[in-house]
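Undergrad: Before I ask anything, here is the structure I am working with.
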Amino acid sequence: MKTESRTQLSEANLKALRERRREFLSRLGQGIAVLPSAKPNSGPAGDRTIFRQDSDFMYLTGCPEPHALAVFIPQHPDFQTALFVRERDAFTELWNGAMIGTQDAASVLGFDRVFPLSEFEKKLPEWLVHADSIYWDASPEQEFFEQLRPVLQGSRLRRNGGEIFNVRDLIHELRLFKDEFEIAALRKANAVASAAHEAAMRFARPGVSEYQVQAVLEASMRGVGSSQLGYPSIVAGGANACCLHYNTNSCSVSEGELLLIDAGCEWNYYTADVTRTFPVSGRFSAEQRALYDLVLDAQRRSIAAIRPGAKLSELNDLAGRILAQGLIQLGVIRASLDEVLEKKLHKEFFPHGLGHWLGMDVHDVGRYRIKNVERPLEAGMCLTVEPGIYVQPGMQGVDARWQGIGIRIEDNILVTAGGSENFTPCVKSATDVESMVGTMPDTVRDFFLGR
Ligand SMILES: [Mn+2]
């Protein structure tokens with residue numbers, strides 16, 4: 001029985017891949033680029049993770065297999081893109097499913113030429129004469145390129161003393177600007193993640209465990225076809241929310257406590273990164289509500305300031321100032337605004353940045369500064385906006401009624417020519433959140449609780 005290759009790309013995906021390759025080739029100039037797939041998972045004790053392709057490799061090839069290599073060579077007279085993959089073999093397919101193989105890869109993935117991986121070391125030296133520089137990844141963790149070093153050193157670039165560049169720098173600059181396919185994937189990832197956050201809100205009640213909420217959240221994402229999480233889910237009840245990367249998710253959440261959830265899933269290799277905070281009882285206390293509304297105000301006004309030309313540092317300053325003013329007004333901080341901003345006293349409550357690039361990776365690639373100068377936002381960039389307030393338990397000089405409250409609200413934003421698009425449709429206002437919490441019917445809820 002001949003099994004068909006399981007890799008099938010949509011028309012939209014193939015079109016996007018062709019455009020990215022065209023742009024990448026144009027930036028290579030006279031150079032040649034070599035890019036390997038991610039290392040396969042292996043180990044005698046068995047794998048604890050599923051294979052995920054290297055994001056840079058996926059971005060340019062659409063090929064989800066390990067043991068593959070892509071070469072881009074704009075000055076070659078006969079072709080510009082080449083892919084090396086393993087030949088199909090029955091034994092590997094028995095264990096791991098259908099492979100693309102050298103027969104189908106060119107048409108399925110849209111490459112000019114496809115070769116068996118075993119021919120790479122023979123082909124590469126032949127092609128180097130068509131280039132005067134090489135783009136590759138010489139970092140020590142790239143074992144593959146260590147093996148390749150003698151091949152490269154023994155061969156000759158067209159120009160003696162040709163230069164070597166980091167291939168990833170070039171790809172990361174391209175990845176910073178999202179194309180239509182990527183925007184659609186990020187929108188979908190956000191729709192799925194938002195529905196999951198809302199399911200978690202509906203499920204939550206006083207006494208629930210963080211891991212039970214995590215189960216509902218992640219079932220909701222996987223249940224509609226998301227292939228994997230973008231990062232480990234943070235489900236933090238009460239003061240656990242004051243630990244920024246808490247993810248043991250093992251405590252129960254009591255009446256009167258907030259639950260902070262920071263969780264996102266992938267769609268077509270693009271991840272959402274969404275945070276919501278809500279009271280498990282369905283009613284904020286006065287203190288919780290005051291801090292929640294403050295964080296939300298800082299978030300909304302930061303998002304409203306996003307447009308081409310704005311800078312992330314300006315947005316950080318804006319959010320910091322709003323949070324500082326609010327904390328003073330509420331009496332959480334007892335100092336003047338000037339003093340707070342000068343001594344950065346508000347950073348004790350908001351110790352992280354306002355946001356980061358988002359895309360195939362949750363903290364996505366792309367430089368924030370160029371030649372040590374901060375770059376302004378441009379249309380096509382995607383970032384998170386996630387202000388927070390965390391009042392650590394036992395914090396000196398702060399009334400006990402504020403202590404142990406941790407709140408973050410995070411949406412994913414695309415910079416557009418006219419301003420921005422918010423990808424995250426999840427409920428957000430205090431009243432909308434309150435009316436959603438605890439509304440899951442018992443029959444549905446009991447399933448997740450094993451009843
Ligand atoms: Mn984030």
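Every chain in the structure tokens has a letter given in the order shown (A, B, ...), and although residue numbers restart at 1 in each chain, ligands are simply numbered from 1 in the order shown.
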Find the spatial neighbours of stretch 134-136 of chain A, counting only C-alpha atoms, within a cut-off of 9 Å - ignore same-chain residues fewer than 6 positions away - and output them as an MDAnalysis selection string.
TA: chainID A and resid 28 30:35 128 145 157 162:168 170
Undergrad: Dump N, CA and C atoms for the selected residues as a short mmCIF file (atom, residue, chain, number, x, y, z; two decimals), in the first residue's frame?
TA:
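Final output, saved to out-v6.cif:
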data_model
loop_
_atom_site.label_atom_id
_atom_site.label_comp_id
_atom_site.auth_asym_id
_atom_site.auth_seq_id
_atom_site.Cartn_x
_atom_site.Cartn_y
_atom_site.Cartn_z
N LEU A 28 19.29 38.25 -0.24
CA LEU A 28 20.56 37.52 -0.24
C LEU A 28 21.56 38.12 -1.21
N GLN A 30 24.11 38.44 -3.72
CA GLN A 30 25.03 37.49 -4.35
C GLN A 30 25.31 36.30 -3.42
N GLY A 31 24.58 36.20 -2.33
CA GLY A 31 24.89 35.19 -1.33
C GLY A 31 24.16 33.88 -1.56
N ILE A 32 24.52 32.88 -0.76
CA ILE A 32 23.80 31.61 -0.73
C ILE A 32 23.42 31.37 0.73
N ALA A 33 22.23 30.84 0.97
CA ALA A 33 21.80 30.59 2.34
C ALA A 33 21.52 29.11 2.54
N VAL A 34 21.94 28.59 3.68
CA VAL A 34 21.71 27.19 4.04
C VAL A 34 21.01 27.16 5.39
N LEU A 35 19.88 26.45 5.45
CA LEU A 35 19.09 26.43 6.67
C LEU A 35 18.66 25.00 6.99
N LEU A 128 28.50 26.64 -4.36
CA LEU A 128 29.15 27.79 -3.72
C LEU A 128 29.83 28.71 -4.73
N PHE A 145 25.88 22.05 11.51
CA PHE A 145 26.82 22.91 10.81
C PHE A 145 28.26 22.68 11.23
N LEU A 157 34.05 29.92 -2.44
CA LEU A 157 33.04 30.88 -2.86
C LEU A 157 33.57 31.57 -4.11
N GLY A 162 35.20 35.38 0.68
CA GLY A 162 33.77 35.70 0.77
C GLY A 162 33.31 35.78 2.21
N GLU A 163 32.26 36.56 2.42
CA GLU A 163 31.84 36.82 3.78
C GLU A 163 30.85 35.78 4.28
N ILE A 164 30.81 35.62 5.60
CA ILE A 164 29.85 34.72 6.23
C ILE A 164 28.91 35.55 7.09
N PHE A 165 27.61 35.36 6.90
CA PHE A 165 26.60 36.09 7.67
C PHE A 165 25.71 35.12 8.42
N ASN A 166 25.04 35.65 9.44
CA ASN A 166 24.08 34.84 10.19
C ASN A 166 22.75 34.81 9.43
N VAL A 167 22.38 33.62 8.98
CA VAL A 167 21.16 33.47 8.18
C VAL A 167 19.92 33.85 8.99
N ARG A 168 19.99 33.64 10.30
CA ARG A 168 18.80 33.88 11.13
C ARG A 168 18.46 35.37 11.25
N LEU A 170 18.66 37.60 9.06
CA LEU A 170 17.92 38.00 7.86
C LEU A 170 16.47 37.50 7.93
#
Undergrad: Could you give me, as a Markdown table, a per-residue list for chain A showing, wherever an atom lies at most 12 Å from an atom of ligand 1, the closest pair of atoms and their distance in Å to one decimal, using only C-alpha atoms and all ligand atoms and sorting by chain then residue number from low to high?
TA:
| residue | atom | partner | partner_atom_place_in_ligand_line | distance |
| --- | --- | --- | --- | --- |
| A:Gly230 | CA | ligand 1 | 1 (Mn) | 10.5 |
| A:Tyr231 | CA | ligand 1 | 1 (Mn) | 9.9 |
| A:Pro232 | CA | ligand 1 | 1 (Mn) | 11.8 |
| A:Ser233 | CA | ligand 1 | 1 (Mn) | 11.5 |
| A:Ile234 | CA | ligand 1 | 1 (Mn) | 11.2 |
| A:Leu244 | CA | ligand 1 | 1 (Mn) | 10.7 |
| A:His245 | CA | ligand 1 | 1 (Mn) | 10.7 |
| A:Ile261 | CA | ligand 1 | 1 (Mn) | 11.5 |
| A:Asp262 | CA | ligand 1 | 1 (Mn) | 7.9 |
| A:Ala263 | CA | ligand 1 | 1 (Mn) | 9.0 |
| A:Gly264 | CA | ligand 1 | 1 (Mn) | 9.3 |
| A:Thr271 | CA | ligand 1 | 1 (Mn) | 10.6 |
| A:Ala272 | CA | ligand 1 | 1 (Mn) | 8.8 |
| A:Asp273 | CA | ligand 1 | 1 (Mn) | 5.4 |
| A:Val274 | CA | ligand 1 | 1 (Mn) | 7.0 |
| A:Thr275 | CA | ligand 1 | 1 (Mn) | 7.8 |
| A:Arg276 | CA | ligand 1 | 1 (Mn) | 11.5 |
| A:His352 | CA | ligand 1 | 1 (Mn) | 10.0 |
| A:Gly353 | CA | ligand 1 | 1 (Mn) | 9.3 |
| A:Leu354 | CA | ligand 1 | 1 (Mn) | 8.6 |
| A:Gly355 | CA | ligand 1 | 1 (Mn) | 6.3 |
| A:His356 | CA | ligand 1 | 1 (Mn) | 6.6 |
| A:Trp357 | CA | ligand 1 | 1 (Mn) | 8.6 |
| A:Leu358 | CA | ligand 1 | 1 (Mn) | 8.1 |
| A:Gly359 | CA | ligand 1 | 1 (Mn) | 11.2 |
| A:Asp361 | CA | ligand 1 | 1 (Mn) | 10.7 |
| A:Val362 | CA | ligand 1 | 1 (Mn) | 7.0 |
| A:His363 | CA | ligand 1 | 1 (Mn) | 7.2 |
| A:Asp364 | CA | ligand 1 | 1 (Mn) | 10.0 |
| A:Cys382 | CA | ligand 1 | 1 (Mn) | 11.7 |
| A:Leu383 | CA | ligand 1 | 1 (Mn) | 8.6 |
| A:Thr384 | CA | ligand 1 | 1 (Mn) | 5.8 |
| A:Val385 | CA | ligand 1 | 1 (Mn) | 7.5 |
| A:Glu386 | CA | ligand 1 | 1 (Mn) | 6.6 |
| A:Pro387 | CA | ligand 1 | 1 (Mn) | 9.7 |
| A:Gly388 | CA | ligand 1 | 1 (Mn) | 11.1 |
| A:Arg408 | CA | ligand 1 | 1 (Mn) | 10.0 |
| A:Ile409 | CA | ligand 1 | 1 (Mn) | 9.7 |
| A:Glu410 | CA | ligand 1 | 1 (Mn) | 6.9 |
| A:Asp411 | CA | ligand 1 | 1 (Mn) | 8.4 |
| A:Asn412 | CA | ligand 1 | 1 (Mn) | 8.5 |
| A:Ile413 | CA | ligand 1 | 1 (Mn) | 11.3 |
Undergrad: Taking only stretch 37-260 of chain A into account, list the residues labelled helix (DSSP H, G or I) by DSSP (computed from the backbone), as a ChimeraX atom specification.
TA: /A:55-61,90-96,101-109,117-128,143-154,167-175,180-203,210-223,238-242
Undergrad: At what distance in Å, to one decimal, does atom CA of A:Tyr292 lie from atom CA of A:Val398?
TA: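 Separation of atom CA of A:Val398 and atom CA of A:Tyr292: 17.3 Å.
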Undergrad: Do you know which residues are at most 8 Å from A:Ser209 counting only C-alpha atoms, after dropping those on the same chain fewer than 3 positions away, and could you put them as a PyMOL selection string?
TA: chain A and resi 212-213+249-253
Undergrad: Quick one: residues within 10 Å of A:Asn41, only C-alpha atoms counted, chain neighbours fewer than 5 positions away excluded, as a list in words?
TA: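 Surrounding residues, per the criterion: Gly46, Asp47, Arg48, Thr49, Ile50, Phe51, Arg52 and Pro66 of chain A.
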Undergrad: Neighbours of A:Gly225 within 12 Å (only C-alpha atoms; same-chain residues fewer than 4 positions away dropped), as a VMD selection string?
TA: chain A and resid 188 to 189 192 to 193 218 to 221 229 265 to 268
Undergrad: Give the strand (DSSP E or B) residues of stretch 117-332 of chain A, as DSSP finds them on the backbone, and put them as a PyMOL selection string.
TA: chain A and resi 133-136+163-166+209+229+234-237+252+258-263+265-267+270-271+274-279
Undergrad: Write to file, as a compact mmCIF listing (two decimals), in the first residue's frame, the residues of the selection just made, with C-alpha atoms.
TA:
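And here is the file that came out, part.txt:
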# COMPACT_ATOMS: atom_id res chain seq x y z
CA SER A 133 28.94 35.15 0.57
CA ILE A 134 27.20 32.52 2.67
CA TYR A 135 24.39 32.86 5.17
CA TRP A 136 24.24 30.09 7.76
CA GLU A 163 31.84 36.82 3.78
CA ILE A 164 29.85 34.72 6.23
CA PHE A 165 26.60 36.09 7.67
CA ASN A 166 24.08 34.84 10.19
CA SER A 209 -8.30 23.78 41.52
CA LEU A 229 0.21 25.36 23.27
CA ILE A 234 -0.16 29.88 33.79
CA VAL A 235 -3.25 29.32 35.96
CA ALA A 236 -2.59 31.24 39.16
CA GLY A 237 -5.10 31.70 41.97
CA SER A 252 -7.21 25.45 44.89
CA LEU A 258 -8.81 36.19 41.75
CA LEU A 259 -7.64 33.72 39.11
CA LEU A 260 -5.04 34.90 36.60
CA ILE A 261 -4.74 32.84 33.41
CA ASP A 262 -1.97 33.46 30.87
CA ALA A 263 -2.41 30.90 28.10
CA CYS A 265 -2.31 28.04 21.65
CA GLU A 266 -0.95 27.72 18.15
CA TRP A 267 -2.78 27.80 14.86
CA TYR A 270 1.39 30.95 15.07
CA THR A 271 0.59 31.42 18.73
CA VAL A 274 -3.59 36.02 26.13
CA THR A 275 -4.03 36.89 29.80
CA ARG A 276 -7.25 37.43 31.73
CA THR A 277 -7.87 37.84 35.46
CA PHE A 278 -11.25 37.25 37.10
CA PRO A 279 -12.84 36.61 40.51
Undergrad: Record the distance separating atom CA of A:Val415 and atom CA of A:Glu378, expressed in Å with one decimal.
TA: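 Atom CA of A:Val415 sits 6.4 Å away from atom CA of A:Glu378.
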Undergrad: In Å to one decimal, how far is atom CA of A:Val71 from atom CA of A:Phe24?
TA: 11.4 Å
Undergrad: Which one is closest to A:Glu348: A:Val433, A:Leu323, A:Ala138, A:Val280? Count only C-alpha atoms.
TA: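 That would be A:Leu323, the residue with the smallest distance to A:Glu348.
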Undergrad: Considering only C-alpha atoms, can you say which of A:Arg369, A:Lys347, A:Arg334, A:Arg202 comes closest to A:Asp442?
TA: A:Arg202
Undergrad: Counting only C-alpha atoms, which of A:Val208, A:Val224, A:Met360, A:Leu449 gets nearest to A:Phe57?
TA: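 Nearest candidate to A:Phe57 out of A:Val208, A:Val224, A:Met360, A:Leu449: A:Met360.
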Undergrad: Please provide as number ranges by chain all residues within 8 Å of stretch 83-100 of chain A, with the sequence filter that same-chain residues fewer than 2 positions apart are discarded (counting only C-alpha atoms).
TA: A: 3-7, 65, 67-71, 81, 102-106, 111, 113-120
Undergrad: Keeping only C-alpha atoms, take the residues you just selected and write them out as an mmCIF file, in the first residue's frame.
TA:
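What follows is the written file out34.cif:
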data_model
loop_
_atom_site.group_PDB
_atom_site.id
_atom_site.type_symbol
_atom_site.label_atom_id
_atom_site.label_comp_id
_atom_site.auth_asym_id
_atom_site.auth_seq_id
_atom_site.Cartn_x
_atom_site.Cartn_y
_atom_site.Cartn_z
ATOM 1 C CA THR A 3 0.471 5.956 1.661
ATOM 2 C CA GLU A 4 0.058 9.511 0.476
ATOM 3 C CA SER A 5 2.274 12.202 1.967
ATOM 4 C CA ARG A 6 0.487 13.701 4.933
ATOM 5 C CA THR A 7 1.804 17.169 4.162
ATOM 6 C CA GLU A 65 9.876 17.029 8.761
ATOM 7 C CA HIS A 67 16.329 15.640 8.636
ATOM 8 C CA ALA A 68 15.768 18.324 6.008
ATOM 9 C CA LEU A 69 17.810 21.242 4.661
ATOM 10 C CA ALA A 70 16.909 24.210 2.504
ATOM 11 C CA VAL A 71 19.282 26.089 0.209
ATOM 12 C CA THR A 81 15.515 27.181 -4.187
ATOM 13 C CA THR A 102 11.936 13.432 -2.943
ATOM 14 C CA GLN A 103 9.192 12.603 -5.466
ATOM 15 C CA ASP A 104 6.505 14.906 -4.091
ATOM 16 C CA ALA A 105 8.351 17.611 -2.188
ATOM 17 C CA ALA A 106 8.873 19.957 -5.135
ATOM 18 C CA PHE A 111 10.605 24.246 -4.370
ATOM 19 C CA ARG A 113 14.593 21.394 -6.931
ATOM 20 C CA VAL A 114 14.446 18.554 -4.413
ATOM 21 C CA PHE A 115 17.300 16.172 -3.612
ATOM 22 C CA PRO A 116 17.863 13.287 -1.212
ATOM 23 C CA LEU A 117 19.547 14.477 1.970
ATOM 24 C CA SER A 118 22.472 12.126 1.262
ATOM 25 C CA GLU A 119 23.503 14.322 -1.711
ATOM 26 C CA PHE A 120 23.860 17.529 0.248
#
Undergrad: Of the residues A:Thr248, A:Ser227, A:Asn240, A:Gln288, which is the one nearest to A:Tyr211, using only C-alpha atoms?
TA: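 Result for the nearest residue to A:Tyr211: A:Thr248.
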